[in-house]
Amino acid sequence: MYGILVIPPASDIQKAATVLAELAGGTAYDQRQKLLRNLPFLTAWSEQSVAVQRGANALREAGLQAWAISRAALDLLPDRIEVRSFARIAGGLELIGRTQSYRLKFEEIGLVLPCRADSGQTLTTTTVTRKVGLAQLAMGMPIPQKKVEVEQQKQFDQSFFCLLWPRRPGPDGDQLFELQAEGMDYGGLGGAKTASSTSNYLLLLDLLRQLAPSAWDPRLERAGGKLAPIGVPARTSSDGQGTKTTVTTSGSTWDTEDAVVQCAHLLLLAAKVRDARARQP
């Protein structure tokens with residue numbers, strides 16, 4: 001099975017949306033909305049690799065980054081390494097994980113992806129509406145108001161982290177270094193280090209943006225909240241017995257971190273394809 005990996009934005013968004021609609025179905029408007037989210041996605045799955053490659057070529061002619069990939073490529077996940085601390089070295093960083101350290105030159109960095117993940121719990125409510133018959137309405141009786149009982153307050157949280165992908169794979173394949181804003185030792189900032197983890201994280205991002213500008217891609221921080229929540233969706237039930245209707249919406253929880261990392265994986269795949277094509281004679 002083969003599909004097209006699409007990486008917005010498009011230089012001609014209307015033309016790209018029209019081509020996408022022809023390849024994957026739906027309307028040009030629907031495809032345009034997907035492109036405006038500025039997040040990578042997969043589309044136009046087919047058993048025919050030649051047809052998928054032809055579609056990817058058409059999208060590139062429309063000003064999009066688009067690459068034909070196999071379904072199996074999505075299962076080749078990078079080794080995700082949690083960074084506990086870091087140190088400046090000549091021309092790069094030493095990233096210190098749980099069990100070992102890694103030396104990474106700035107020119108070896110293929111992607112710098114600052115990310116934002118959203119998590120929380122939805123509001124659970126019960127709404128009771130009393131029914132009014134036609135005869136009562138004819139008599140001029142007022143329509144009763146809905147009674148809403150809030151059973152649980154909504155909770156919401158955000159987490160920030162940065163993913164680094166080195167072009168040179170490790171001994172076991174691709175690596176993805178994860179630098180969490182909270183809980184990391186920022187001693188590597190030296191005299192610039194402050195007492196605030198948030199300030200230190202922003203200083204680190206600024207350093208990476210300056211020293212690896214071609215690898216910088218902030219879309220997963222800007223658009224992280226637009227990703228579909230992962231978890232159990234809210235459920236609604238209705239009970240229409242007697243003269244009232246009771247509607248209960250149950251709460252659900254979500255955490256978009258996995259969805260954010262999945263998007264990062266798609267950006268990684270696209271970067272690998274671009275690098276491979278650039279090396280071709």
# chains A, B, ... in the order shown; residues from 1 in each chain; ligands from 1
$ residues_around --residues "region 5-13 of chain A" --least-positions-apart "6" --cutoff "6 Å" --atoms "only C-alpha atoms" --output "MDAnalysis selection string"
chainID A and resid 35 38 40:42 63:67
$ write_last_selection --atoms "C-alpha atoms" --output "mmCIF file, in the first residue's frame"
data_model
loop_
_atom_site.group_PDB
_atom_site.id
_atom_site.type_symbol
_atom_site.label_atom_id
_atom_site.label_comp_id
_atom_site.auth_asym_id
_atom_site.auth_seq_id
_atom_site.Cartn_x
_atom_site.Cartn_y
_atom_site.Cartn_z
ATOM 1 C CA LEU A 35 -3.770 22.696 3.851
ATOM 2 C CA ASN A 38 -0.234 23.777 8.041
ATOM 3 C CA PRO A 40 1.560 17.201 7.576
ATOM 4 C CA PHE A 41 -0.937 14.540 6.518
ATOM 5 C CA LEU A 42 -1.265 11.369 4.459
ATOM 6 C CA GLY A 63 3.707 24.101 -5.217
ATOM 7 C CA LEU A 64 3.414 21.540 -2.411
ATOM 8 C CA GLN A 65 5.958 19.323 -0.764
ATOM 9 C CA ALA A 66 4.543 15.891 -1.543
ATOM 10 C CA TRP A 67 6.219 12.502 -1.498
#
$ residues_around --residues "Leu189 (chain A)" --least-positions-apart "6" --cutoff "9 Å" --atoms "only C-alpha atoms" --output "list in words"
Phe86, Ala87, Arg88, Asn200, Leu203 and Leu204 of chain A
$ closest_residue --among "A:Leu74, A:Ala51, A:Leu205, A:Ala90" --to "Leu268 (chain A)" --atoms "only C-alpha atoms"
A:Leu74
$ closest_residue --among "A:Leu59, A:Leu211, A:Ala270, A:Ala223" --to "Asp118 (chain A)" --atoms "only C-alpha atoms"
A:Ala223
$ residues_around --residues "Leu220 (chain A)" --least-positions-apart "3" --cutoff "12 Å" --atoms "only C-alpha atoms" --output "count of residues only"
34
$ residues_around --residues "Val50 (chain A)" --least-positions-apart "4" --cutoff "10 Å" --atoms "only C-alpha atoms" --output "VMD selection string"
chain A and resid 2 46 54 to 56 68
$ write_last_selection --atoms "C-alpha atoms" --output "CSV table (one decimal), in the first residue's frame"
chain,number,residue,atom,x,y,z
A,2,TYR,CA,1.3,3.4,-1.0
A,46,SER,CA,-3.5,3.0,-3.4
A,54,ARG,CA,2.2,10.4,-10.4
A,55,GLY,CA,-0.1,12.1,-7.9
A,56,ALA,CA,2.8,13.3,-5.8
A,68,ALA,CA,5.1,9.0,-2.3
$ residues_around --residues "region 165-172 of chain A" --least-positions-apart "6" --cutoff "6 Å" --atoms "only C-alpha atoms" --output "list of chain:residue names"
A:Glu108, A:Ile109, A:Gly110, A:Leu111
$ write_last_selection --atoms "N, CA and C atoms" --output "compact mmCIF listing (two decimals), in the first residue's frame"
# COMPACT_ATOMS: atom_id res chain seq x y z
N GLU A 108 24.73 18.82 11.81
CA GLU A 108 24.16 17.48 11.66
C GLU A 108 22.67 17.43 11.98
N ILE A 109 22.14 18.53 12.53
CA ILE A 109 20.73 18.54 12.93
C ILE A 109 19.85 18.73 11.70
N GLY A 110 18.96 17.77 11.47
CA GLY A 110 18.06 17.86 10.32
C GLY A 110 16.77 18.57 10.63
N LEU A 111 16.30 18.47 11.87
CA LEU A 111 15.05 19.13 12.27
C LEU A 111 15.16 19.60 13.72
$ residues_around --residues "Asp79 (chain A)" --least-positions-apart "2" --cutoff "9 Å" --atoms "only C-alpha atoms" --output "VMD selection string"
chain A and resid 77 81 170 172 to 177
$ select_by_dssp --residues "region 36-71 of chain A" --states "alpha helix (DSSP H)" --output "number ranges by chain"
A: 36, 49-61
$ write_last_selection --atoms "N, CA and C atoms" --output "JSON list (two decimals), in the first residue's frame"
[["chain", "number", "residue", "atom", "x", "y", "z"],
["A", 36, "LEU", "N", -4.63, 24.61, 5.08],
["A", 36, "LEU", "CA", -4.52, 25.81, 5.92],
["A", 36, "LEU", "C", -4.12, 25.47, 7.35],
["A", 49, "SER", "N", 1.80, 1.85, -6.94],
["A", 49, "SER", "CA", 2.84, 2.81, -6.60],
["A", 49, "SER", "C", 3.04, 3.84, -7.71],
["A", 50, "VAL", "N", 2.86, 3.44, -8.95],
["A", 50, "VAL", "CA", 3.06, 4.37, -10.08],
["A", 50, "VAL", "C", 2.02, 5.48, -10.03],
["A", 51, "ALA", "N", 0.76, 5.12, -9.73],
["A", 51, "ALA", "CA", -0.31, 6.12, -9.65],
["A", 51, "ALA", "C", -0.06, 7.09, -8.51],
["A", 52, "VAL", "N", 0.42, 6.59, -7.38],
["A", 52, "VAL", "CA", 0.70, 7.45, -6.23],
["A", 52, "VAL", "C", 1.87, 8.38, -6.54],
["A", 53, "GLN", "N", 2.89, 7.87, -7.20],
["A", 53, "GLN", "CA", 4.03, 8.71, -7.57],
["A", 53, "GLN", "C", 3.60, 9.79, -8.54],
["A", 54, "ARG", "N", 2.72, 9.44, -9.47],
["A", 54, "ARG", "CA", 2.21, 10.44, -10.42],
["A", 54, "ARG", "C", 1.43, 11.54, -9.69],
["A", 55, "GLY", "N", 0.66, 11.14, -8.69],
["A", 55, "GLY", "CA", -0.09, 12.12, -7.91],
["A", 55, "GLY", "C", 0.82, 13.04, -7.12],
["A", 56, "ALA", "N", 1.88, 12.47, -6.52],
["A", 56, "ALA", "CA", 2.84, 13.28, -5.77],
["A", 56, "ALA", "C", 3.54, 14.29, -6.68],
["A", 57, "ASN", "N", 3.86, 13.86, -7.90],
["A", 57, "ASN", "CA", 4.48, 14.78, -8.87],
["A", 57, "ASN", "C", 3.53, 15.94, -9.20],
["A", 58, "ALA", "N", 2.24, 15.63, -9.36],
["A", 58, "ALA", "CA", 1.26, 16.67, -9.68],
["A", 58, "ALA", "C", 1.14, 17.68, -8.54],
["A", 59, "LEU", "N", 1.21, 17.21, -7.30],
["A", 59, "LEU", "CA", 1.12, 18.11, -6.15],
["A", 59, "LEU", "C", 2.38, 18.99, -6.05],
["A", 60, "ARG", "N", 3.53, 18.43, -6.36],
["A", 60, "ARG", "CA", 4.75, 19.24, -6.33],
["A", 60, "ARG", "C", 4.70, 20.32, -7.42],
["A", 61, "GLU", "N", 4.11, 19.99, -8.57],
["A", 61, "GLU", "CA", 3.95, 20.99, -9.62],
["A", 61, "GLU", "C", 3.00, 22.10, -9.18]]
$ closest_residue --among "A:Glu47, A:Glu221, A:Glu178, A:Asp255" --to "Gly97 (chain A)" --atoms "only C-alpha atoms"
A:Glu178
$ atom_distance --atom1 "CA of Thr99 (chain A)" --atom2 "CA of Gly183 (chain A)"
16.7 Å
$ atom_distance --atom1 "CA of Arg98 (chain A)" --atom2 "CA of Glu182 (chain A)"
15.8 Å
$ decode --residues "region 48-70 of chain A" --atoms "N, CA and C atoms" --output "mmCIF file, in the first residue's frame"
data_model
loop_
_atom_site.group_PDB
_atom_site.id
_atom_site.type_symbol
_atom_site.label_atom_id
_atom_site.label_comp_id
_atom_site.auth_asym_id
_atom_site.auth_seq_id
_atom_site.Cartn_x
_atom_site.Cartn_y
_atom_site.Cartn_z
ATOM 1 N N GLN A 48 -1.276 0.890 -6.197
ATOM 2 C CA GLN A 48 -0.476 1.170 -7.388
ATOM 3 C C GLN A 48 0.554 2.254 -7.096
ATOM 4 N N SER A 49 1.796 1.848 -6.940
ATOM 5 C CA SER A 49 2.844 2.812 -6.603
ATOM 6 C C SER A 49 3.043 3.845 -7.705
ATOM 7 N N VAL A 50 2.864 3.436 -8.954
ATOM 8 C CA VAL A 50 3.063 4.366 -10.078
ATOM 9 C C VAL A 50 2.020 5.483 -10.029
ATOM 10 N N ALA A 51 0.760 5.122 -9.732
ATOM 11 C CA ALA A 51 -0.306 6.122 -9.652
ATOM 12 C C ALA A 51 -0.056 7.094 -8.506
ATOM 13 N N VAL A 52 0.421 6.587 -7.377
ATOM 14 C CA VAL A 52 0.698 7.446 -6.229
ATOM 15 C C VAL A 52 1.865 8.379 -6.542
ATOM 16 N N GLN A 53 2.893 7.868 -7.197
ATOM 17 C CA GLN A 53 4.029 8.707 -7.570
ATOM 18 C C GLN A 53 3.602 9.794 -8.540
ATOM 19 N N ARG A 54 2.723 9.442 -9.468
ATOM 20 C CA ARG A 54 2.213 10.440 -10.416
ATOM 21 C C ARG A 54 1.430 11.539 -9.688
ATOM 22 N N GLY A 55 0.655 11.138 -8.688
ATOM 23 C CA GLY A 55 -0.089 12.121 -7.908
ATOM 24 C C GLY A 55 0.824 13.037 -7.116
ATOM 25 N N ALA A 56 1.879 12.467 -6.517
ATOM 26 C CA ALA A 56 2.843 13.280 -5.766
ATOM 27 C C ALA A 56 3.535 14.287 -6.680
ATOM 28 N N ASN A 57 3.855 13.863 -7.899
ATOM 29 C CA ASN A 57 4.475 14.778 -8.866
ATOM 30 C C ASN A 57 3.533 15.943 -9.198
ATOM 31 N N ALA A 58 2.237 15.632 -9.355
ATOM 32 C CA ALA A 58 1.256 16.672 -9.677
ATOM 33 C C ALA A 58 1.139 17.682 -8.538
ATOM 34 N N LEU A 59 1.206 17.209 -7.297
ATOM 35 C CA LEU A 59 1.125 18.109 -6.153
ATOM 36 C C LEU A 59 2.376 18.988 -6.050
ATOM 37 N N ARG A 60 3.526 18.430 -6.364
ATOM 38 C CA ARG A 60 4.753 19.240 -6.331
ATOM 39 C C ARG A 60 4.700 20.322 -7.423
ATOM 40 N N GLU A 61 4.112 19.988 -8.568
ATOM 41 C CA GLU A 61 3.951 20.988 -9.621
ATOM 42 C C GLU A 61 3.001 22.103 -9.182
ATOM 43 N N ALA A 62 2.090 21.771 -8.241
ATOM 44 C CA ALA A 62 1.156 22.763 -7.711
ATOM 45 C C ALA A 62 1.757 23.561 -6.553
ATOM 46 N N GLY A 63 3.027 23.306 -6.238
ATOM 47 C CA GLY A 63 3.707 24.101 -5.217
ATOM 48 C C GLY A 63 3.706 23.511 -3.836
ATOM 49 N N LEU A 64 3.406 22.212 -3.714
ATOM 50 C CA LEU A 64 3.414 21.540 -2.411
ATOM 51 C C LEU A 64 4.635 20.648 -2.276
ATOM 52 N N GLN A 65 5.045 20.423 -1.032
ATOM 53 C CA GLN A 65 5.958 19.323 -0.764
ATOM 54 C C GLN A 65 5.116 18.062 -0.654
ATOM 55 N N ALA A 66 5.334 17.119 -1.536
ATOM 56 C CA ALA A 66 4.543 15.891 -1.543
ATOM 57 C C ALA A 66 5.434 14.742 -1.981
ATOM 58 N N TRP A 67 5.332 13.631 -1.243
ATOM 59 C CA TRP A 67 6.219 12.502 -1.498
ATOM 60 C C TRP A 67 5.423 11.199 -1.410
ATOM 61 N N ALA A 68 5.678 10.316 -2.343
ATOM 62 C CA ALA A 68 5.069 8.984 -2.298
ATOM 63 C C ALA A 68 5.833 8.129 -1.293
ATOM 64 N N ILE A 69 5.120 7.512 -0.360
ATOM 65 C CA ILE A 69 5.757 6.651 0.630
ATOM 66 C C ILE A 69 4.960 5.355 0.758
ATOM 67 N N SER A 70 5.596 4.336 1.253
ATOM 68 C CA SER A 70 4.912 3.064 1.492
ATOM 69 C C SER A 70 4.330 3.050 2.896
#
